[in-house]
Amino acid sequence: MSVTSDVAVVGAGIIGLSTAYHLAEQGLSVAVYETGVPGRGQSAGQSRIFRHAHDDPRLIALAVRAREHWRNWSEAFGTRLVSDDGALALGGTVPRRLALLRQEGVAAEAIDRGTLRELLPALADFDGDAMLDPGGGSIDTRAAIAVLRSRFADRIVAEQVISLHHHGDGVTVHAPTMLGEHGAVVICAGRGTAALARGVGLALPVRLGAHVRVSFATRGRVDRLPTLQDGSGAFGATGVYAAAYPDRSGYGLGLSENVAAHDDGAIDDGPRLTRLAAAAAEYVERALPGMDPTPRDVVHCWVTGLPWGDDGVAIWQEGRVFAVAGHNMFKHAPVIGEAAAAAVSDGRVPPGFTPDDRLGTAG
Ligand SMILES: Cc1cc2nc3c(=O)[nH]c(=O)nc-3n(C[C@H](O)[C@H](O)[C@H](O)COP(=O)(O)OP(=O)(O)OC[C@H]3O[C@@H](n4cnc5c(N)ncnc54)[C@H](O)[C@@H]3O)c2cc1C
């Protein structure tokens with residue numbers, strides 16, 4: 001069997017689906033190859049944090065645009081994709097991040113102990129630096145994947161891309177029972193991106209790791225549940241993040257630490273995933289008395305980081321093949337997909353997204 005289209009996207013995670021959306025908006029025909037279930041790779045789980053705060057001001061500006069896209073998608077698809085509950089951050093980075101946000105025109109504010117308690121009663125008493133990003137909130141990841149996926153239901157090819165190569169003016173794709181002929185290919189295959197890109201001569205400096213996040217239920221109903229990033233260390237762990245379930249019944253919470261993996265996916269210290277899950281439960285016990293510290297659910301995921309920062313992202317190009325890689329990309333997915341689609345139509349990666357731009361450089 002064969003499949004042809006103007007563009008092929010490899011991977012139906014949030015980045016591949018967003019890219020396909022923007023390509024289709026340009027009137028291009030799109031085929032999306034997906035080896036598993038759409039949204040079950042790095043995009044798995046119930047929620048992600050949408051926050052404007054980043055160390056790289058370019059990512060703040062892109063978050064402003066991405067938020068607008070999320071609003072438009074919510075309206076167009078008739079379902080709220082990002083909550084209005086806000087994003088909270090605690091710890092020493094708050095003053096610097098607040099200054100950067102103000103510089104970019106984002107209305108974030110420093111909050112005192114009492115306001116913090118009102119916004120997140122589940123949190124234990126905290127008297128350090130804290131801020132609220134009122135435009136932040138929790139992304140309903142399953143709804144986001146579902147609405148975008150529904151748009152391409154008949155164009156998702158349930159096959160694994162084994163290899164791809166340039167052929168004449170286009171790109172040939174080899175899959176187990178398919179041969180594809182496309183004008184261009186965008187690789188958005190998560191942990192599979194670097195290997196496919198290497199086949200066309202692109203060396204992506206992706207660092208592979210494994211991550212664990214654990215879900216905890218709120219004690220009783222709450223009407224508002226802002227996201228939380230805690231870098232304060234006040235409760236015995238730093239780099240803790242939490243996003244709310246769409247029904248606000250709990251948090252998906254984890255430590256930002258990952259367990260290193262070799263390029264082929266081998267993990268030397270598997271038990272560390274168990275220890276990190278236990279550390280998450282201990283954090284909830286200390287920091288969130290308004291939540292039950294008994295884990296209710298667990299998500300294990302691959303993560304793909306770039307060397308220049310935890311929020312690093314870039315698009316590589318070799319001829320008519322483009323490859324997207326990075327970490328913490330869910331919130332920016334609408335603008336990353338837009339940039340990848342623009343790369344295809346313009347024949348070059350837009351300024352700001354090339355590897356040399358090192359978008360998402362840590363402060
Ligand atoms: C636990 C956790 C918490 C996170 N928290 C946040 C957060 O709060 N905010 C935020 O913005 N980001 C967050 N992130 C990061 C964010 O989720 C990811 O950056 C994003 O989901 C990546 O999406 P993707 O489409 O690039 O990859 P994926 O979702 O992994 O999609 C890639 C797809 O490609 C498919 N595929 C792979 N190889 C092939 C092949 N050869 N042929 C066909 N298909 C293939 C896979 O099956 C997969 O479905 C978090 C990530 C994790 C793991």
# chains A, B, ... in the order shown; residues from 1 in each chain; ligands from 1
$ select_by_dssp --residues "region 1-217 of chain A" --states "strand (DSSP E or B)" --output "MDAnalysis selection string"
chainID A and resid 2:10 30:33 47:50 82 87:90 109:110 130:133 137:140 156:157 163:167 170:175 178:187 207:217
$ residues_near_ligand --ligand "ligand 1" --cutoff "7 Å" --atoms "only C-alpha atoms and all ligand atoms" --output "PDB file with N, CA and C atoms, in the first residue's frame"
ATOM      1  N   VAL A  10       5.446  12.783  11.397  1.00  0.00           N
ATOM      2  CA  VAL A  10       5.692  11.525  12.106  1.00  0.00           C
ATOM      3  C   VAL A  10       5.442  11.770  13.586  1.00  0.00           C
ATOM      4  N   GLY A  11       4.420  11.126  14.137  1.00  0.00           N
ATOM      5  CA  GLY A  11       4.114  11.252  15.563  1.00  0.00           C
ATOM      6  C   GLY A  11       2.847  12.048  15.801  1.00  0.00           C
ATOM      7  N   ALA A  12       1.904  11.422  16.519  1.00  0.00           N
ATOM      8  CA  ALA A  12       0.648  12.113  16.867  1.00  0.00           C
ATOM      9  C   ALA A  12       0.617  12.427  18.350  1.00  0.00           C
ATOM     10  N   GLY A  13       1.722  13.003  18.858  1.00  0.00           N
ATOM     11  CA  GLY A  13       1.695  13.640  20.168  1.00  0.00           C
ATOM     12  C   GLY A  13       1.207  15.065  19.965  1.00  0.00           C
ATOM     13  N   ILE A  14       1.308  15.891  20.996  1.00  0.00           N
ATOM     14  CA  ILE A  14       0.755  17.242  20.877  1.00  0.00           C
ATOM     15  C   ILE A  14       1.509  18.064  19.826  1.00  0.00           C
ATOM     16  N   ILE A  15       2.817  17.813  19.664  1.00  0.00           N
ATOM     17  CA  ILE A  15       3.573  18.618  18.689  1.00  0.00           C
ATOM     18  C   ILE A  15       3.218  18.207  17.264  1.00  0.00           C
ATOM     19  N   GLY A  16       3.139  16.887  17.020  1.00  0.00           N
ATOM     20  CA  GLY A  16       2.779  16.425  15.681  1.00  0.00           C
ATOM     21  C   GLY A  16       1.369  16.863  15.298  1.00  0.00           C
ATOM     22  N   TYR A  33       1.744   9.815  10.623  1.00  0.00           N
ATOM     23  CA  TYR A  33       2.110   8.441  10.978  1.00  0.00           C
ATOM     24  C   TYR A  33       2.196   8.338  12.496  1.00  0.00           C
ATOM     25  N   GLU A  34       1.564   7.322  13.062  1.00  0.00           N
ATOM     26  CA  GLU A  34       1.642   7.118  14.527  1.00  0.00           C
ATOM     27  C   GLU A  34       1.758   5.621  14.807  1.00  0.00           C
ATOM     28  N   THR A  35       2.804   5.262  15.512  1.00  0.00           N
ATOM     29  CA  THR A  35       3.050   3.845  15.774  1.00  0.00           C
ATOM     30  C   THR A  35       2.220   3.290  16.931  1.00  0.00           C
ATOM     31  N   GLY A  36       1.786   4.166  17.826  1.00  0.00           N
ATOM     32  CA  GLY A  36       1.026   3.695  18.989  1.00  0.00           C
ATOM     33  C   GLY A  36      -0.317   4.400  19.065  1.00  0.00           C
ATOM     34  N   VAL A  37      -0.715   4.744  20.290  1.00  0.00           N
ATOM     35  CA  VAL A  37      -1.976   5.469  20.480  1.00  0.00           C
ATOM     36  C   VAL A  37      -1.635   6.965  20.526  1.00  0.00           C
ATOM     37  N   PRO A  38      -2.303   7.791  19.723  1.00  0.00           N
ATOM     38  CA  PRO A  38      -2.006   9.237  19.770  1.00  0.00           C
ATOM     39  C   PRO A  38      -2.070   9.778  21.200  1.00  0.00           C
ATOM     40  N   GLY A  39      -1.057  10.554  21.572  1.00  0.00           N
ATOM     41  CA  GLY A  39      -1.076  11.182  22.899  1.00  0.00           C
ATOM     42  C   GLY A  39      -0.616  10.294  24.043  1.00  0.00           C
ATOM     43  N   ARG A  40      -0.072   9.125  23.737  1.00  0.00           N
ATOM     44  CA  ARG A  40       0.370   8.242  24.817  1.00  0.00           C
ATOM     45  C   ARG A  40       1.894   8.218  24.969  1.00  0.00           C
ATOM     46  N   GLY A  41       2.589   9.093  24.250  1.00  0.00           N
ATOM     47  CA  GLY A  41       4.041   9.193  24.429  1.00  0.00           C
ATOM     48  C   GLY A  41       4.330  10.183  25.547  1.00  0.00           C
ATOM     49  N   GLN A  42       5.198  11.131  25.283  1.00  0.00           N
ATOM     50  CA  GLN A  42       5.510  12.159  26.297  1.00  0.00           C
ATOM     51  C   GLN A  42       4.296  13.022  26.615  1.00  0.00           C
ATOM     52  N   SER A  43       3.310  13.001  25.732  1.00  0.00           N
ATOM     53  CA  SER A  43       2.114  13.820  25.957  1.00  0.00           C
ATOM     54  C   SER A  43       1.090  13.120  26.850  1.00  0.00           C
ATOM     55  N   ALA A  44       1.449  11.952  27.401  1.00  0.00           N
ATOM     56  CA  ALA A  44       0.488  11.172  28.197  1.00  0.00           C
ATOM     57  C   ALA A  44       0.169  11.839  29.532  1.00  0.00           C
ATOM     58  N   ARG A  48      -1.074  19.286  32.132  1.00  0.00           N
ATOM     59  CA  ARG A  48       0.240  19.922  32.058  1.00  0.00           C
ATOM     60  C   ARG A  48       0.092  21.348  32.556  1.00  0.00           C
ATOM     61  N   ILE A  49       1.205  21.910  32.998  1.00  0.00           N
ATOM     62  CA  ILE A  49       1.177  23.315  33.435  1.00  0.00           C
ATOM     63  C   ILE A  49       1.258  24.233  32.222  1.00  0.00           C
ATOM     64  N   PHE A  50       0.346  25.211  32.170  1.00  0.00           N
ATOM     65  CA  PHE A  50       0.567  26.343  31.269  1.00  0.00           C
ATOM     66  C   PHE A  50       1.055  27.495  32.140  1.00  0.00           C
ATOM     67  N   GLU A 159       0.987   3.331  11.571  1.00  0.00           N
ATOM     68  CA  GLU A 159       2.203   2.618  11.177  1.00  0.00           C
ATOM     69  C   GLU A 159       3.410   3.284  11.835  1.00  0.00           C
ATOM     70  N   GLN A 160       4.431   2.473  12.041  1.00  0.00           N
ATOM     71  CA  GLN A 160       5.690   3.030  12.544  1.00  0.00           C
ATOM     72  C   GLN A 160       6.573   3.413  11.361  1.00  0.00           C
ATOM     73  N   VAL A 161       7.099   4.610  11.366  1.00  0.00           N
ATOM     74  CA  VAL A 161       8.054   4.984  10.320  1.00  0.00           C
ATOM     75  C   VAL A 161       9.387   4.336  10.668  1.00  0.00           C
ATOM     76  N   ILE A 162       9.876   3.536   9.735  1.00  0.00           N
ATOM     77  CA  ILE A 162      11.137   2.837   9.973  1.00  0.00           C
ATOM     78  C   ILE A 162      12.302   3.674   9.456  1.00  0.00           C
ATOM     79  N   CYS A 188       8.112  14.569  14.458  1.00  0.00           N
ATOM     80  CA  CYS A 188       7.701  15.006  15.807  1.00  0.00           C
ATOM     81  C   CYS A 188       7.490  13.735  16.628  1.00  0.00           C
ATOM     82  N   ALA A 189       8.502  12.880  16.633  1.00  0.00           N
ATOM     83  CA  ALA A 189       8.319  11.521  17.151  1.00  0.00           C
ATOM     84  C   ALA A 189       8.809  11.357  18.584  1.00  0.00           C
ATOM     85  N   GLY A 190       8.951  12.474  19.321  1.00  0.00           N
ATOM     86  CA  GLY A 190       9.362  12.359  20.719  1.00  0.00           C
ATOM     87  C   GLY A 190      10.694  11.644  20.830  1.00  0.00           C
ATOM     88  N   ARG A 191      10.716  10.546  21.596  1.00  0.00           N
ATOM     89  CA  ARG A 191      11.999   9.859  21.785  1.00  0.00           C
ATOM     90  C   ARG A 191      12.473   9.187  20.500  1.00  0.00           C
ATOM     91  N   GLY A 192      11.627   9.087  19.490  1.00  0.00           N
ATOM     92  CA  GLY A 192      12.036   8.489  18.214  1.00  0.00           C
ATOM     93  C   GLY A 192      12.600   9.503  17.228  1.00  0.00           C
ATOM     94  N   THR A 193      12.547  10.781  17.578  1.00  0.00           N
ATOM     95  CA  THR A 193      12.930  11.824  16.611  1.00  0.00           C
ATOM     96  C   THR A 193      14.407  11.768  16.240  1.00  0.00           C
ATOM     97  N   LEU A 196      15.332   8.885  13.746  1.00  0.00           N
ATOM     98  CA  LEU A 196      14.851   9.093  12.375  1.00  0.00           C
ATOM     99  C   LEU A 196      15.630  10.231  11.705  1.00  0.00           C
ATOM    100  N   HIS A 211      11.017   9.735  33.344  1.00  0.00           N
ATOM    101  CA  HIS A 211      10.423  10.625  34.338  1.00  0.00           C
ATOM    102  C   HIS A 211       9.227   9.943  34.985  1.00  0.00           C
ATOM    103  N   VAL A 212       8.970  10.298  36.238  1.00  0.00           N
ATOM    104  CA  VAL A 212       7.781   9.769  36.901  1.00  0.00           C
ATOM    105  C   VAL A 212       6.981  10.921  37.504  1.00  0.00           C
ATOM    106  N   ARG A 213       5.687  10.846  37.306  1.00  0.00           N
ATOM    107  CA  ARG A 213       4.798  11.796  37.992  1.00  0.00           C
ATOM    108  C   ARG A 213       3.690  10.984  38.650  1.00  0.00           C
ATOM    109  N   ALA A 243       0.296  19.952  38.299  1.00  0.00           N
ATOM    110  CA  ALA A 243      -0.791  20.452  37.444  1.00  0.00           C
ATOM    111  C   ALA A 243      -2.079  19.774  37.884  1.00  0.00           C
ATOM    112  N   VAL A 299       2.336   7.993  36.263  1.00  0.00           N
ATOM    113  CA  VAL A 299       2.657   8.066  34.830  1.00  0.00           C
ATOM    114  C   VAL A 299       4.180   8.004  34.699  1.00  0.00           C
ATOM    115  N   HIS A 300       4.673   7.051  33.915  1.00  0.00           N
ATOM    116  CA  HIS A 300       6.102   7.006  33.587  1.00  0.00           C
ATOM    117  C   HIS A 300       6.261   7.437  32.143  1.00  0.00           C
ATOM    118  N   CYS A 301       7.172   8.344  31.885  1.00  0.00           N
ATOM    119  CA  CYS A 301       7.323   8.880  30.531  1.00  0.00           C
ATOM    120  C   CYS A 301       8.782   9.029  30.167  1.00  0.00           C
ATOM    121  N   TRP A 302       9.078   8.921  28.875  1.00  0.00           N
ATOM    122  CA  TRP A 302      10.386   9.339  28.386  1.00  0.00           C
ATOM    123  C   TRP A 302      10.404  10.857  28.332  1.00  0.00           C
ATOM    124  N   VAL A 303      11.556  11.442  28.548  1.00  0.00           N
ATOM    125  CA  VAL A 303      11.698  12.883  28.297  1.00  0.00           C
ATOM    126  C   VAL A 303      12.926  13.106  27.417  1.00  0.00           C
ATOM    127  N   ALA A 325      12.540  18.971  18.341  1.00  0.00           N
ATOM    128  CA  ALA A 325      12.909  18.311  19.605  1.00  0.00           C
ATOM    129  C   ALA A 325      12.982  19.347  20.719  1.00  0.00           C
ATOM    130  N   GLY A 326      12.760  18.865  21.942  1.00  0.00           N
ATOM    131  CA  GLY A 326      12.838  19.750  23.098  1.00  0.00           C
ATOM    132  C   GLY A 326      12.140  19.127  24.286  1.00  0.00           C
ATOM    133  N   HIS A 327      11.995  19.937  25.328  1.00  0.00           N
ATOM    134  CA  HIS A 327      11.317  19.464  26.539  1.00  0.00           C
ATOM    135  C   HIS A 327      10.364  20.557  27.021  1.00  0.00           C
ATOM    136  N   ASN A 328       9.386  20.140  27.819  1.00  0.00           N
ATOM    137  CA  ASN A 328       8.384  21.077  28.357  1.00  0.00           C
ATOM    138  C   ASN A 328       7.682  21.841  27.256  1.00  0.00           C
ATOM    139  N   MET A 329       7.341  21.126  26.202  1.00  0.00           N
ATOM    140  CA  MET A 329       6.818  21.796  25.008  1.00  0.00           C
ATOM    141  C   MET A 329       5.300  21.873  24.954  1.00  0.00           C
ATOM    142  N   PHE A 330       4.603  21.217  25.898  1.00  0.00           N
ATOM    143  CA  PHE A 330       3.145  21.127  25.739  1.00  0.00           C
ATOM    144  C   PHE A 330       2.513  22.516  25.659  1.00  0.00           C
ATOM    145  N   LYS A 331       2.884  23.380  26.603  1.00  0.00           N
ATOM    146  CA  LYS A 331       2.233  24.704  26.650  1.00  0.00           C
ATOM    147  C   LYS A 331       2.472  25.497  25.378  1.00  0.00           C
ATOM    148  N   HIS A 332       3.678  25.317  24.795  1.00  0.00           N
ATOM    149  CA  HIS A 332       4.030  26.058  23.583  1.00  0.00           C
ATOM    150  C   HIS A 332       3.625  25.328  22.303  1.00  0.00           C
TER     151      HIS A 332
END
$ closest_residue --among "A:Ser29, A:Gln103, A:Asn72, A:Ser18" --to "Val324 (chain A)" --atoms "only C-alpha atoms"
A:Ser18
$ closest_residue --among "A:Gly86, A:Gly290, A:Gly199, A:Gly347" --to "Ser249 (chain A)" --atoms "only C-alpha atoms"
A:Gly290
$ residues_around --residues "region 143-156 of chain A" --least-positions-apart "2" --cutoff "6 Å" --atoms "only C-alpha atoms" --output "JSON, numbers by chain"
{"A": [31, 32, 33, 140, 141]}
$ residues_around --residues "Asp263 (chain A)" --least-positions-apart "5" --cutoff "9 Å" --atoms "only C-alpha atoms" --output "PDB file with N, CA, C and O atoms, in the first residue's frame"
ATOM      1  N   VAL A 206      19.983  15.361  21.535  1.00  0.00           N
ATOM      2  CA  VAL A 206      18.901  15.068  22.481  1.00  0.00           C
ATOM      3  C   VAL A 206      19.419  14.167  23.595  1.00  0.00           C
ATOM      4  O   VAL A 206      20.103  13.187  23.352  1.00  0.00           O
ATOM      5  N   ARG A 207      19.058  14.530  24.826  1.00  0.00           N
ATOM      6  CA  ARG A 207      19.402  13.696  25.983  1.00  0.00           C
ATOM      7  C   ARG A 207      18.144  12.984  26.436  1.00  0.00           C
ATOM      8  O   ARG A 207      17.153  13.634  26.776  1.00  0.00           O
ATOM      9  N   LEU A 208      18.233  11.682  26.463  1.00  0.00           N
ATOM     10  CA  LEU A 208      17.058  10.891  26.812  1.00  0.00           C
ATOM     11  C   LEU A 208      17.034  10.607  28.313  1.00  0.00           C
ATOM     12  O   LEU A 208      18.073  10.329  28.920  1.00  0.00           O
TER      13      LEU A 208
END
$ atom_distance --atom1 "CA of Gly128 (chain A)" --atom2 "CA of Val240 (chain A)"
15.5 Å
$ residues_around --residues "Ala107 (chain A)" --least-positions-apart "4" --cutoff "8 Å" --atoms "only C-alpha atoms" --output "ChimeraX atom specification"
/A:101-102,133-135
$ residues_around --residues "Ala234 (chain A)" --least-positions-apart "6" --cutoff "12 Å" --atoms "only C-alpha atoms" --output "VMD selection string"
chain A and resid 90 to 92 123 to 129 240 283 286 to 287
$ closest_residue --among "A:Val157, A:Met131, A:Ala61, A:Leu120" --to "Val222 (chain A)" --atoms "only C-alpha atoms"
A:Leu120
$ atom_distance --atom1 "CA of Val298 (chain A)" --atom2 "CA of Gly136 (chain A)"
24.0 Å
